[in-house]
>>> print(open('model_0.csv').read())   # CSV, C-alpha atoms
chain,number,residue,atom,x,y,z
H,96,MET,CA,150.6,38.3,114.1
H,97,SER,CA,149.8,40.6,111.1
H,98,GLN,CA,150.2,37.5,108.9
H,99,ILE,CA,146.8,36.2,110.1
H,100,LEU,CA,145.2,39.3,108.6
H,101,ARG,CA,147.3,39.2,105.5
H,102,GLN,CA,146.4,35.5,104.9
H,103,GLN,CA,142.7,36.3,105.1
H,104,ILE,CA,143.0,39.2,102.7
H,105,GLU,CA,145.0,37.1,100.3
H,106,LYS,CA,142.2,34.4,100.2
H,107,ILE,CA,140.2,37.0,98.3
H,108,ILE,CA,142.6,39.5,96.7
H,109,GLN,CA,146.3,39.6,95.8
H,110,ILE,CA,148.4,42.3,97.6
H,111,THR,CA,152.0,43.3,97.4
H,112,ASP,CA,154.3,43.8,100.5
H,113,ALA,CA,154.1,47.5,99.9
H,114,GLU,CA,150.3,47.5,99.8
H,115,PHE,CA,150.1,45.5,103.0
H,116,ASP,CA,152.6,47.9,104.7
H,117,HIS,CA,150.3,50.7,103.7
H,118,ILE,CA,147.1,48.9,104.9
H,119,PHE,CA,148.3,47.5,108.2
H,120,PRO,CA,149.0,50.7,110.1
H,121,HIS,CA,145.3,51.5,109.7
H,122,PHE,CA,144.7,48.9,112.4
H,123,THR,CA,145.6,49.2,116.1
H,124,THR,CA,146.2,46.2,118.4
H,125,LYS,CA,144.4,45.8,121.7
H,126,LYS,CA,144.6,43.2,124.4
H,127,PHE,CA,141.5,42.2,126.4
H,128,LYS,CA,141.3,40.0,129.5
H,129,LYS,CA,138.8,37.2,130.0
H,130,HIS,CA,135.4,38.6,130.9
H,131,GLN,CA,136.4,42.1,129.8
H,132,PHE,CA,133.9,44.1,127.6
H,133,VAL,CA,134.9,45.1,124.1
H,134,ILE,CA,131.5,46.7,123.4
H,135,GLN,CA,128.8,47.7,125.9
H,136,GLU,CA,125.2,48.4,125.2
H,137,GLY,CA,124.6,52.1,124.9
H,138,GLU,CA,128.2,53.0,124.1
H,139,TYR,CA,129.5,54.4,120.8
H,140,VAL,CA,131.1,51.7,118.6
H,141,PRO,CA,134.2,53.0,116.9
H,142,ASN,CA,135.7,49.7,115.6
H,143,ASP,CA,135.2,46.5,113.7
H,144,TYR,CA,137.5,43.9,115.4
H,145,PHE,CA,139.6,41.2,113.7
H,146,ILE,CA,140.5,38.5,116.2
H,147,LEU,CA,144.2,37.6,116.3
H,148,ASN,CA,143.6,35.2,119.1
H,149,GLY,CA,141.2,34.4,121.9
H,150,CYS,CA,137.4,33.9,121.9
H,151,LEU,CA,134.5,36.3,122.3
H,152,LYS,CA,130.8,36.4,122.3
H,153,SER,CA,128.2,39.0,121.3
H,154,TYR,CA,124.9,39.0,123.0
H,155,PHE,CA,122.0,41.1,124.2
H,156,THR,CA,120.3,41.1,127.5
H,157,ASP,CA,116.5,41.2,127.5
H,158,LYS,CA,114.2,43.0,130.0
H,159,ASN,CA,114.2,40.0,132.2
H,160,GLY,CA,118.0,40.0,132.4
H,161,LYS,CA,118.3,36.9,130.2
H,162,GLU,CA,121.3,36.8,127.8
H,163,HIS,CA,120.8,35.9,124.2
H,164,ILE,CA,123.9,35.0,122.3
H,165,LEU,CA,124.1,36.5,118.8
H,166,GLN,CA,127.5,35.3,117.7
H,167,PHE,CA,130.8,33.8,118.8
H,168,GLY,CA,134.2,34.9,117.5
H,169,MET,CA,137.5,33.1,117.2
H,170,GLN,CA,140.9,33.6,115.5
H,171,ASP,CA,140.6,35.3,112.1
H,172,TRP,CA,136.9,36.1,112.5
H,173,TRP,CA,135.5,39.6,112.6
H,174,ILE,CA,133.2,40.8,115.3
H,175,THR,CA,131.4,44.1,116.3
H,176,ASP,CA,127.9,45.5,116.6
H,177,TYR,CA,127.5,45.9,112.9
H,178,GLN,CA,124.3,47.9,113.2
H,179,ALA,CA,126.0,50.5,115.4
H,180,TYR,CA,129.3,50.3,113.5
H,181,TYR,CA,127.8,50.8,110.0
H,182,ASN,CA,125.4,53.5,111.3
H,183,GLN,CA,128.0,55.0,113.6
H,184,SER,CA,125.5,54.9,116.4
H,185,THR,CA,125.5,53.4,119.9
H,186,ALA,CA,125.5,49.6,120.6
H,187,THR,CA,122.3,47.6,121.2
H,188,ILE,CA,124.4,44.5,122.1
H,189,ASN,CA,127.4,43.6,124.3
H,190,ILE,CA,130.6,41.9,123.3
H,191,ASP,CA,132.9,40.4,125.9
H,192,CYS,CA,135.8,37.9,126.0
H,193,ILE,CA,135.3,34.3,126.8
H,194,GLU,CA,139.1,34.0,127.2
H,195,ASP,CA,142.0,36.5,127.0
H,196,SER,CA,141.9,38.0,123.5
H,197,GLU,CA,144.0,40.1,121.2
H,198,LEU,CA,142.2,42.1,118.6
H,199,LEU,CA,143.0,44.3,115.6
H,200,CYS,CA,140.8,47.3,115.7
H,201,LEU,CA,139.7,49.0,112.4
H,202,SER,CA,137.8,52.3,112.8
H,203,PHE,CA,134.9,53.1,110.5
H,204,GLN,CA,136.9,56.1,109.2
H,205,ASN,CA,139.9,54.0,108.3
H,206,ARG,CA,137.8,51.3,106.7
H,207,GLU,CA,136.1,53.8,104.5
H,208,LYS,CA,139.5,55.5,103.7
H,209,LEU,CA,141.1,52.2,102.7
H,210,CYS,CA,138.0,51.3,100.6
H,211,ALA,CA,138.1,54.7,98.8
H,212,GLU,CA,141.8,54.6,98.2
H,213,ILE,CA,142.2,51.0,97.0
H,214,HIS,CA,139.5,49.4,94.8
H,215,LYS,CA,140.6,45.9,95.6
H,216,ILE,CA,140.3,46.5,99.4
H,217,GLU,CA,136.7,47.6,98.8
H,218,HIS,CA,136.3,44.3,96.9
H,219,PHE,CA,137.7,42.4,99.9
H,220,PHE,CA,135.3,44.1,102.3
H,221,ARG,CA,132.3,43.6,100.0
H,222,LYS,CA,133.1,39.8,99.7
H,223,LYS,CA,133.6,39.5,103.5
H,224,THR,CA,130.3,41.3,104.1
H,225,ASN,CA,128.6,38.9,101.6
H,226,LYS,CA,130.0,36.0,103.7
H,227,HIS,CA,128.8,37.6,106.9
H,228,ASN,CA,125.4,37.9,105.3
H,229,ILE,CA,125.3,34.2,104.5
H,230,ALA,CA,126.2,33.4,108.2
H,231,LEU,CA,123.4,35.7,109.4
H,232,GLN,CA,120.9,34.2,107.0
H,233,GLN,CA,121.9,30.7,108.3
H,234,ARG,CA,121.4,31.9,111.8
H,235,ILE,CA,117.9,33.2,111.0
H,236,LEU,CA,116.9,30.0,109.3
H,237,SER,CA,118.3,28.0,112.2
H,238,LEU,CA,116.3,30.1,114.7
H,239,LEU,CA,113.1,29.7,112.7
H,240,SER,CA,113.5,26.0,112.2
H,241,ASN,CA,113.0,25.4,116.0
H,242,ASN,CA,114.7,22.0,115.7
H,243,ALA,CA,117.4,22.2,118.3
H,244,LYS,CA,119.1,18.9,117.2
H,245,GLU,CA,119.4,20.2,113.6
H,246,LYS,CA,120.8,23.5,114.9
H,247,TYR,CA,123.4,21.6,117.0
H,248,ASP,CA,124.4,19.4,114.0
H,249,GLN,CA,124.7,22.5,111.8
H,250,LEU,CA,126.8,24.4,114.3
H,251,LEU,CA,129.1,21.4,114.8
H,252,GLN,CA,129.5,21.0,111.1
H,253,LEU,CA,130.2,24.6,110.3
H,254,TYR,CA,132.4,25.5,113.3
H,255,PRO,CA,133.8,22.4,115.0
H,256,LEU,CA,136.5,24.4,116.7
H,257,LEU,CA,133.8,26.3,118.7
H,258,PHE,CA,133.0,23.2,120.6
H,259,GLN,CA,136.6,23.1,121.9
H,260,LYS,CA,136.8,26.8,122.8
H,261,VAL,CA,133.4,27.7,124.1
H,262,PRO,CA,132.0,26.5,127.5
H,263,LYS,CA,129.1,24.2,127.1
H,264,GLN,CA,126.6,26.4,128.9
H,265,LEU,CA,127.3,29.2,126.2
H,266,ILE,CA,126.8,26.7,123.3
H,267,ALA,CA,123.5,25.7,125.0
H,268,SER,CA,122.5,29.3,125.4
H,269,TYR,CA,123.3,30.0,121.7
H,270,LEU,CA,121.2,27.1,120.7
H,271,GLY,CA,118.4,27.9,123.1
H,272,VAL,CA,118.5,24.6,124.9
H,273,THR,CA,119.4,23.4,128.4
H,274,ARG,CA,122.8,21.9,129.2
H,275,GLU,CA,121.2,18.5,129.7
H,276,THR,CA,119.7,18.6,126.2
H,277,LEU,CA,123.1,19.6,124.8
H,278,SER,CA,124.8,16.6,126.5
H,279,ARG,CA,122.2,14.3,125.0
H,280,PHE,CA,123.0,15.8,121.5
H,281,LYS,CA,126.7,15.3,122.1
H,282,SER,CA,126.3,11.6,122.9
H,283,SER,CA,124.0,11.0,120.0
H,284,SER,CA,126.2,12.7,117.4
H,285,LYS,CA,129.4,10.7,118.3
V,230,MET,CA,111.0,52.3,85.6
V,231,SER,CA,114.8,52.4,85.5
V,232,GLN,CA,114.6,55.6,87.4
V,233,ILE,CA,113.7,53.7,90.6
V,234,LEU,CA,117.0,51.9,90.4
V,235,ARG,CA,118.9,55.0,89.5
V,236,GLN,CA,117.4,56.9,92.5
V,237,GLN,CA,118.5,54.2,94.8
V,238,ILE,CA,122.1,54.1,93.4
V,239,GLU,CA,122.3,57.9,93.6
V,240,LYS,CA,121.4,57.9,97.3
V,241,ILE,CA,124.9,56.3,97.8
V,242,ILE,CA,127.0,57.4,94.8
V,243,GLN,CA,126.9,59.9,92.0
V,244,ILE,CA,126.6,58.6,88.4
V,245,THR,CA,126.4,60.3,85.1
V,246,ASP,CA,123.8,59.5,82.4
V,247,ALA,CA,126.5,57.7,80.4
V,248,GLU,CA,127.4,55.6,83.4
V,249,PHE,CA,123.8,54.6,84.0
V,250,ASP,CA,123.4,53.8,80.3
V,251,HIS,CA,126.3,51.4,80.7
V,252,ILE,CA,125.1,49.9,84.0
V,253,PHE,CA,121.4,49.4,83.2
V,254,PRO,CA,121.7,46.9,80.3
V,255,HIS,CA,123.3,44.5,82.8
V,256,PHE,CA,119.8,44.0,84.2
V,257,THR,CA,116.9,42.2,82.6
V,258,THR,CA,113.3,42.9,83.4
V,259,LYS,CA,110.9,40.0,84.3
V,260,LYS,CA,107.2,40.0,85.2
V,261,PHE,CA,105.8,37.5,87.7
V,262,LYS,CA,102.1,36.8,88.5
V,263,LYS,CA,100.7,36.6,92.1
V,264,HIS,CA,101.7,33.3,93.7
V,265,GLN,CA,104.3,32.6,91.0
V,266,PHE,CA,107.7,31.3,92.3
V,267,VAL,CA,110.8,33.5,91.6
V,268,ILE,CA,113.1,31.0,93.4
V,269,GLN,CA,112.3,27.4,94.4
V,270,GLU,CA,114.2,25.3,97.0
V,271,GLY,CA,116.8,23.1,95.3
V,272,GLU,CA,117.1,25.2,92.2
V,273,TYR,CA,120.1,27.2,91.0
V,274,VAL,CA,119.9,30.9,91.9
V,275,PRO,CA,121.2,33.0,89.0
V,276,ASN,CA,120.0,36.4,90.1
V,277,ASP,CA,119.6,39.0,92.7
V,278,TYR,CA,116.3,40.8,92.2
V,279,PHE,CA,115.6,44.5,92.5
V,280,ILE,CA,111.8,45.1,92.9
V,281,LEU,CA,110.3,47.6,90.5
V,282,ASN,CA,106.8,47.0,91.8
V,283,GLY,CA,104.8,44.3,93.6
V,284,CYS,CA,105.4,42.5,96.8
V,285,LEU,CA,107.2,39.2,97.5
V,286,LYS,CA,108.1,36.9,100.4
V,287,SER,CA,111.1,34.6,101.0
V,288,TYR,CA,110.4,31.6,103.3
V,289,PHE,CA,111.5,28.1,104.0
V,290,THR,CA,109.3,25.1,104.6
V,291,ASP,CA,110.3,22.8,107.5
V,292,LYS,CA,109.9,19.0,107.7
V,293,ASN,CA,106.4,19.3,109.0
V,294,GLY,CA,105.4,21.5,106.1
V,295,LYS,CA,105.2,24.7,108.1
V,296,GLU,CA,106.3,27.9,106.3
V,297,HIS,CA,108.7,30.2,108.1
V,298,ILE,CA,109.0,33.7,106.5
V,299,LEU,CA,112.5,35.0,106.3
V,300,GLN,CA,111.8,38.4,104.5
V,301,PHE,CA,109.3,40.4,102.6
V,302,GLY,CA,110.2,42.6,99.6
V,303,MET,CA,108.6,45.7,98.2
V,304,GLN,CA,109.4,48.4,95.7
V,305,ASP,CA,113.1,49.3,95.6
V,306,TRP,CA,114.1,46.5,97.9
V,307,TRP,CA,116.4,43.7,96.8
V,308,ILE,CA,115.5,40.0,97.3
V,309,THR,CA,117.1,36.6,96.6
V,310,ASP,CA,118.5,33.6,98.4
V,311,TYR,CA,121.8,35.3,99.3
V,312,GLN,CA,123.4,32.1,100.5
V,313,ALA,CA,122.8,30.5,97.2
V,314,TYR,CA,123.5,33.6,95.1
V,315,TYR,CA,126.8,34.5,96.7
V,316,ASN,CA,127.9,30.8,96.7
V,317,GLN,CA,126.4,30.2,93.3
V,318,SER,CA,124.7,27.1,94.7
V,319,THR,CA,121.1,25.9,94.9
V,320,ALA,CA,118.4,27.5,97.0
V,321,THR,CA,117.5,26.4,100.5
V,322,ILE,CA,114.5,28.8,100.5
V,323,ASN,CA,111.6,29.8,98.3
V,324,ILE,CA,110.6,33.2,97.0
V,325,ASP,CA,107.2,33.8,95.6
V,326,CYS,CA,104.9,36.8,94.7
V,327,ILE,CA,102.3,38.1,97.2
V,328,GLU,CA,101.0,40.2,94.3
V,329,ASP,CA,101.9,40.7,90.6
V,330,SER,CA,105.5,41.9,90.6
V,331,GLU,CA,108.0,43.3,88.1
V,332,LEU,CA,111.7,42.7,88.9
V,333,LEU,CA,115.1,43.7,87.6
V,334,CYS,CA,117.3,40.7,87.5
V,335,LEU,CA,121.0,41.0,88.1
V,336,SER,CA,123.1,37.9,87.5
V,337,PHE,CA,126.0,37.1,89.7
V,338,GLN,CA,128.4,37.4,86.7
V,339,ASN,CA,127.1,40.8,85.8
V,340,ARG,CA,127.2,42.1,89.4
V,341,GLU,CA,130.9,41.0,89.6
V,342,LYS,CA,131.6,42.5,86.2
V,343,LEU,CA,130.2,45.9,87.1
V,344,CYS,CA,132.0,45.8,90.5
V,345,ALA,CA,135.3,45.1,88.8
V,346,GLU,CA,134.8,47.7,86.1
V,347,ILE,CA,133.6,50.6,88.2
V,348,HIS,CA,135.0,51.2,91.7
V,349,LYS,CA,132.0,53.2,92.8
V,350,ILE,CA,129.6,50.5,91.8
V,351,GLU,CA,131.6,48.1,94.1
V,352,HIS,CA,131.2,50.8,96.8
V,353,PHE,CA,127.4,51.0,96.1
V,354,PHE,CA,127.0,47.2,96.5
V,355,ARG,CA,129.3,47.1,99.7
V,356,LYS,CA,127.1,49.8,101.3
V,357,LYS,CA,123.9,48.0,100.3
V,358,THR,CA,125.2,44.8,101.7
V,359,ASN,CA,126.1,46.6,104.9
V,360,LYS,CA,122.5,47.7,105.2
V,361,HIS,CA,121.2,44.2,104.5
V,362,ASN,CA,123.5,43.0,107.3
V,363,ILE,CA,121.9,45.5,109.7
V,364,ALA,CA,118.4,44.3,108.7
V,365,LEU,CA,119.5,40.6,109.2
V,366,GLN,CA,121.0,41.5,112.7
V,367,GLN,CA,117.8,43.2,113.6
V,368,ARG,CA,115.8,40.1,112.5
V,369,ILE,CA,118.0,37.9,114.6
V,370,LEU,CA,117.7,40.1,117.7
V,371,SER,CA,114.0,40.3,117.2
V,372,LEU,CA,113.7,36.4,116.9
V,373,LEU,CA,115.9,36.0,120.1
V,374,SER,CA,113.9,38.5,122.1
V,375,ASN,CA,110.8,36.4,122.1
V,376,ASN,CA,108.6,39.4,122.8
V,377,ALA,CA,106.0,39.3,120.0
V,378,LYS,CA,104.6,42.8,120.9
V,379,GLU,CA,108.1,44.4,120.6
V,380,LYS,CA,108.7,42.6,117.3
V,381,TYR,CA,105.3,43.9,116.0
V,382,ASP,CA,106.1,47.5,117.1
V,383,GLN,CA,109.6,47.3,115.6
V,384,LEU,CA,108.3,46.0,112.2
V,385,LEU,CA,105.6,48.7,112.1
V,386,GLN,CA,108.1,51.4,112.9
V,387,LEU,CA,110.7,50.2,110.3
V,388,TYR,CA,108.3,49.2,107.5
V,389,PRO,CA,104.9,50.8,107.9
V,390,LEU,CA,104.1,50.2,104.2
V,391,LEU,CA,104.4,46.4,104.7
V,392,PHE,CA,101.2,46.5,106.8
V,393,GLN,CA,99.3,47.9,103.8
V,394,LYS,CA,100.7,45.5,101.3
V,395,VAL,CA,101.0,42.2,103.1
V,396,PRO,CA,98.0,40.0,104.2
V,397,LYS,CA,97.6,39.8,108.0
V,398,GLN,CA,98.2,36.1,108.1
V,399,LEU,CA,101.6,36.5,106.6
V,400,ILE,CA,102.6,39.3,109.0
V,401,ALA,CA,101.4,37.0,111.8
V,402,SER,CA,103.5,34.2,110.4
V,403,TYR,CA,106.6,36.4,110.1
V,404,LEU,CA,106.2,37.4,113.7
V,405,GLY,CA,105.4,33.9,114.8
V,406,VAL,CA,102.0,34.7,116.3
V,407,THR,CA,98.4,33.9,115.6
V,408,ARG,CA,96.1,36.2,113.7
V,409,GLU,CA,94.1,36.8,116.9
V,410,THR,CA,97.3,38.0,118.7
V,411,LEU,CA,98.1,40.2,115.8
V,412,SER,CA,94.7,41.8,115.9
V,413,ARG,CA,95.2,42.5,119.6
V,414,PHE,CA,98.5,44.2,118.9
V,415,LYS,CA,96.9,46.3,116.1
V,416,SER,CA,94.2,47.7,118.4
V,417,SER,CA,96.7,48.4,121.3
V,418,SER,CA,99.1,50.2,119.0
V,419,LYS,CA,96.6,52.7,117.6
>>> encode(input="model_0.csv", output="structure tokens")
Amino acid sequence: MSQILRQQIEKIIQITDAEFDHIFPHFTTKKFKKHQFVIQEGEYVPNDYFILNGCLKSYFTDKNGKEHILQFGMQDWWITDYQAYYNQSTATINIDCIEDSELLCLSFQNREKLCAEIHKIEHFFRKKTNKHNIALQQRILSLLSNNAKEKYDQLLQLYPLLFQKVPKQLIASYLGVTRETLSRFKSSSK
Amino acid sequence: MSQILRQQIEKIIQITDAEFDHIFPHFTTKKFKKHQFVIQEGEYVPNDYFILNGCLKSYFTDKNGKEHILQFGMQDWWITDYQAYYNQSTATINIDCIEDSELLCLSFQNREKLCAEIHKIEHFFRKKTNKHNIALQQRILSLLSNNAKEKYDQLLQLYPLLFQKVPKQLIASYLGVTRETLSRFKSSSK
């Protein structure tokens, strides 16, 4: 399973077996059941999570009890409450499992230690954070545009696998549309 | 003026005079007039911009010609189209000046060069990108929450100086409310 992480790292930097053998023990593996919380609002957020397998969602619940989905996560994506993780503060969002999931946990301390020890690991995480930034900018532009059909087409184009993994009502919630509207989009995009 | 940049860098890492003298020539200074474009949709985005003084906004224009504000920028903030800058592709948003502005321009090549040469500069940019990530996550949660009064209070708390620099109709546009609603918020927040 560690190969999934190594493959992602090697898309950005080259590492030797010895280097990977040093890096990998900084992660711990955890298994979560479908519906289980990984992060709950108000709790301390110790880890960033690299997804070995499974499917997760991050969301926040507003005062009226309505859930708003921030992000999904699938194999070889990273997920956490980044605001809480980077600031080492408590979560303002929840993360739970859409299906049984296995995660590699990287504590903030271990991430900082690896980045300080190995320049190219710091490079890897800077590049990953840049990519995350791009995804967040796209999400903001998509939310601002208010055109649900465009949001749907963009999501389908960027992450086709999501549509196989994530239940339709969650995709609809992410896009801010009803399930009926989503079904209409699906038939018109075929 | 270079001190504004140095002060920001030294909030995260320690650098010597000699190091700063090496780093600073990788930036070029440019002056822009009020209303002048820094980045235009469809154009190549060569630089990230550190704001020495002035005030800017990034926004995109939808198919109906409506402007949606993504971000403001003030002294010692960074601004660019990060999707285009990191991918070295063309802009999907515009950036223009709300008032006369002076910017330090850092090309993608120079940023990568400095990060490769000096480990602690890579650390600086990773930490800055983390902070940008937090701001983007906050913007998404604010957009999802749909509670304009909460968005207003959050913006005022995070960036009080914005309310002195940015015209009211742009703050209203950023929050997605009318100017009348904004005036109501202002009187109820005193």
>>> closest_residue(input="model_0.csv", among="V:Ala247, V:Ser318, V:Glu239, V:Gln300", to="Glu270 in chain V", atoms="only C-alpha atoms")
V:Ser318
>>> atom_distance(input="model_0.csv", atom1="CA of Tyr381 in chain V", atom2="CA of Ser330 in chain V")
25.5 Å
>>> closest_atom_pairs(input="model_0.csv", of="chain H", to="chain V", cutoff="7 Å", atoms="all atoms listed in the file", output="Markdown table")
| residue | atom | partner | partner_atom | distance |
| --- | --- | --- | --- | --- |
| H:Asp157 | CA | V:Ser374 | CA | 6.6 |
| H:His163 | CA | V:Leu373 | CA | 6.4 |
| H:Tyr177 | CA | V:Ile363 | CA | 6.5 |
| H:Gln178 | CA | V:Ile363 | CA | 4.9 |
| H:Tyr181 | CA | V:Asn359 | CA | 6.8 |
| H:His214 | CA | V:His348 | CA | 5.8 |
| H:Glu217 | CA | V:His352 | CA | 6.7 |
| H:His218 | CA | V:Glu351 | CA | 6.7 |
| H:Arg221 | CA | V:Arg355 | CA | 4.6 |
| H:Thr224 | CA | V:Thr358 | CA | 6.6 |
| H:Asn225 | CA | V:Thr358 | CA | 6.8 |
| H:Asn228 | CA | V:Asn362 | CA | 5.8 |
| H:Ile229 | CA | V:Gln312 | CA | 4.9 |
| H:Leu231 | CA | V:Leu365 | CA | 6.3 |
| H:Gln232 | CA | V:Leu365 | CA | 6.9 |
| H:Ile235 | CA | V:Ile369 | CA | 5.9 |
| H:Leu239 | CA | V:His297 | CA | 6.4 |
| H:Ser240 | CA | V:Asp291 | CA | 6.5 |
>>> atom_distance(input="model_0.csv", atom1="CA of Cys284 in chain V", atom2="CA of Glu328 in chain V")
5.6 Å
>>> residues_near_point(input="model_0.csv", point="(105.2, 39.0, 86.2)", cutoff="10 Å", atoms="only C-alpha atoms", output="JSON list (two decimals) with C-alpha atoms, in the coordinates of the input")
[["chain", "number", "residue", "atom", "x", "y", "z"],
["V", 258, "THR", "CA", 113.30, 42.90, 83.40],
["V", 259, "LYS", "CA", 110.90, 40.00, 84.30],
["V", 260, "LYS", "CA", 107.20, 40.00, 85.20],
["V", 261, "PHE", "CA", 105.80, 37.50, 87.70],
["V", 262, "LYS", "CA", 102.10, 36.80, 88.50],
["V", 263, "LYS", "CA", 100.70, 36.60, 92.10],
["V", 265, "GLN", "CA", 104.30, 32.60, 91.00],
["V", 267, "VAL", "CA", 110.80, 33.50, 91.60],
["V", 282, "ASN", "CA", 106.80, 47.00, 91.80],
["V", 283, "GLY", "CA", 104.80, 44.30, 93.60],
["V", 326, "CYS", "CA", 104.90, 36.80, 94.70],
["V", 328, "GLU", "CA", 101.00, 40.20, 94.30],
["V", 329, "ASP", "CA", 101.90, 40.70, 90.60],
["V", 330, "SER", "CA", 105.50, 41.90, 90.60],
["V", 331, "GLU", "CA", 108.00, 43.30, 88.10],
["V", 332, "LEU", "CA", 111.70, 42.70, 88.90]]
>>> atom_distance(input="model_0.csv", atom1="CA of Asp171 in chain H", atom2="CA of Ile99 in chain H")
6.6 Å
>>> decode(input="model_0.csv", residues="range 111-175 of chain H", atoms="C-alpha atoms", output="mmCIF file, in the first residue's frame")
data_model
loop_
_atom_site.group_PDB
_atom_site.id
_atom_site.type_symbol
_atom_site.label_atom_id
_atom_site.label_comp_id
_atom_site.auth_asym_id
_atom_site.auth_seq_id
_atom_site.Cartn_x
_atom_site.Cartn_y
_atom_site.Cartn_z
ATOM 1 C CA THR H 111 15.816 6.476 -3.261
ATOM 2 C CA ASP H 112 14.629 3.326 -1.453
ATOM 3 C CA ALA H 113 16.622 4.435 1.595
ATOM 4 C CA GLU H 114 14.948 7.843 1.594
ATOM 5 C CA PHE H 115 11.475 6.327 1.295
ATOM 6 C CA ASP H 116 12.303 3.898 4.111
ATOM 7 C CA HIS H 117 13.160 6.921 6.245
ATOM 8 C CA ILE H 118 10.044 8.885 5.231
ATOM 9 C CA PHE H 119 7.364 6.193 5.467
ATOM 10 C CA PRO H 120 7.566 5.459 9.237
ATOM 11 C CA HIS H 121 6.537 9.090 9.838
ATOM 12 C CA PHE H 122 3.049 8.010 8.736
ATOM 13 C CA THR H 123 0.654 5.786 10.675
ATOM 14 C CA THR H 124 -2.094 3.715 9.057
ATOM 15 C CA LYS H 125 -5.695 3.876 10.296
ATOM 16 C CA LYS H 126 -8.837 2.133 9.136
ATOM 17 C CA PHE H 127 -12.224 3.799 9.312
ATOM 18 C CA LYS H 128 -15.708 2.357 8.786
ATOM 19 C CA LYS H 129 -18.362 3.822 6.509
ATOM 20 C CA HIS H 130 -20.025 6.811 8.278
ATOM 21 C CA GLN H 131 -17.205 7.011 10.850
ATOM 22 C CA PHE H 132 -15.855 10.478 11.646
ATOM 23 C CA VAL H 133 -12.201 11.223 10.892
ATOM 24 C CA ILE H 134 -12.478 14.818 12.119
ATOM 25 C CA GLN H 135 -15.277 16.392 14.135
ATOM 26 C CA GLU H 136 -16.016 20.086 14.510
ATOM 27 C CA GLY H 137 -14.519 21.475 17.712
ATOM 28 C CA GLU H 138 -11.885 18.764 18.050
ATOM 29 C CA TYR H 139 -8.112 19.161 17.723
ATOM 30 C CA VAL H 140 -6.805 18.188 14.262
ATOM 31 C CA PRO H 141 -3.514 16.295 14.631
ATOM 32 C CA ASN H 142 -3.146 14.923 11.093
ATOM 33 C CA ASP H 143 -3.258 15.443 7.373
ATOM 34 C CA TYR H 144 -4.650 12.256 5.755
ATOM 35 C CA PHE H 145 -3.442 10.554 2.587
ATOM 36 C CA ILE H 146 -6.183 8.232 1.311
ATOM 37 C CA LEU H 147 -4.976 4.694 0.542
ATOM 38 C CA ASN H 148 -8.474 3.566 -0.368
ATOM 39 C CA GLY H 149 -12.071 4.506 0.287
ATOM 40 C CA CYS H 150 -14.008 7.712 -0.122
ATOM 41 C CA LEU H 151 -14.573 10.630 2.273
ATOM 42 C CA LYS H 152 -16.237 14.006 2.459
ATOM 43 C CA SER H 153 -15.482 17.197 4.368
ATOM 44 C CA TYR H 154 -18.408 19.456 5.201
ATOM 45 C CA PHE H 155 -19.693 21.961 7.651
ATOM 46 C CA THR H 156 -23.114 22.154 9.242
ATOM 47 C CA ASP H 157 -24.769 25.566 9.376
ATOM 48 C CA LYS H 158 -26.989 26.915 12.158
ATOM 49 C CA ASN H 159 -30.058 25.440 10.490
ATOM 50 C CA GLY H 160 -28.501 21.979 10.493
ATOM 51 C CA LYS H 161 -27.871 22.017 6.738
ATOM 52 C CA GLU H 162 -24.697 20.249 5.559
ATOM 53 C CA HIS H 163 -22.487 22.039 3.029
ATOM 54 C CA ILE H 164 -19.883 19.869 1.331
ATOM 55 C CA LEU H 165 -16.430 21.427 1.049
ATOM 56 C CA GLN H 166 -14.515 18.585 -0.604
ATOM 57 C CA PHE H 167 -14.585 14.895 -1.451
ATOM 58 C CA GLY H 168 -11.556 12.606 -1.121
ATOM 59 C CA MET H 169 -10.585 9.417 -2.946
ATOM 60 C CA GLN H 170 -7.509 7.212 -3.367
ATOM 61 C CA ASP H 171 -4.228 9.187 -3.413
ATOM 62 C CA TRP H 172 -5.919 12.482 -2.463
ATOM 63 C CA TRP H 173 -5.115 14.302 0.780
ATOM 64 C CA ILE H 174 -7.815 15.521 3.137
ATOM 65 C CA THR H 175 -8.017 17.318 6.474
#
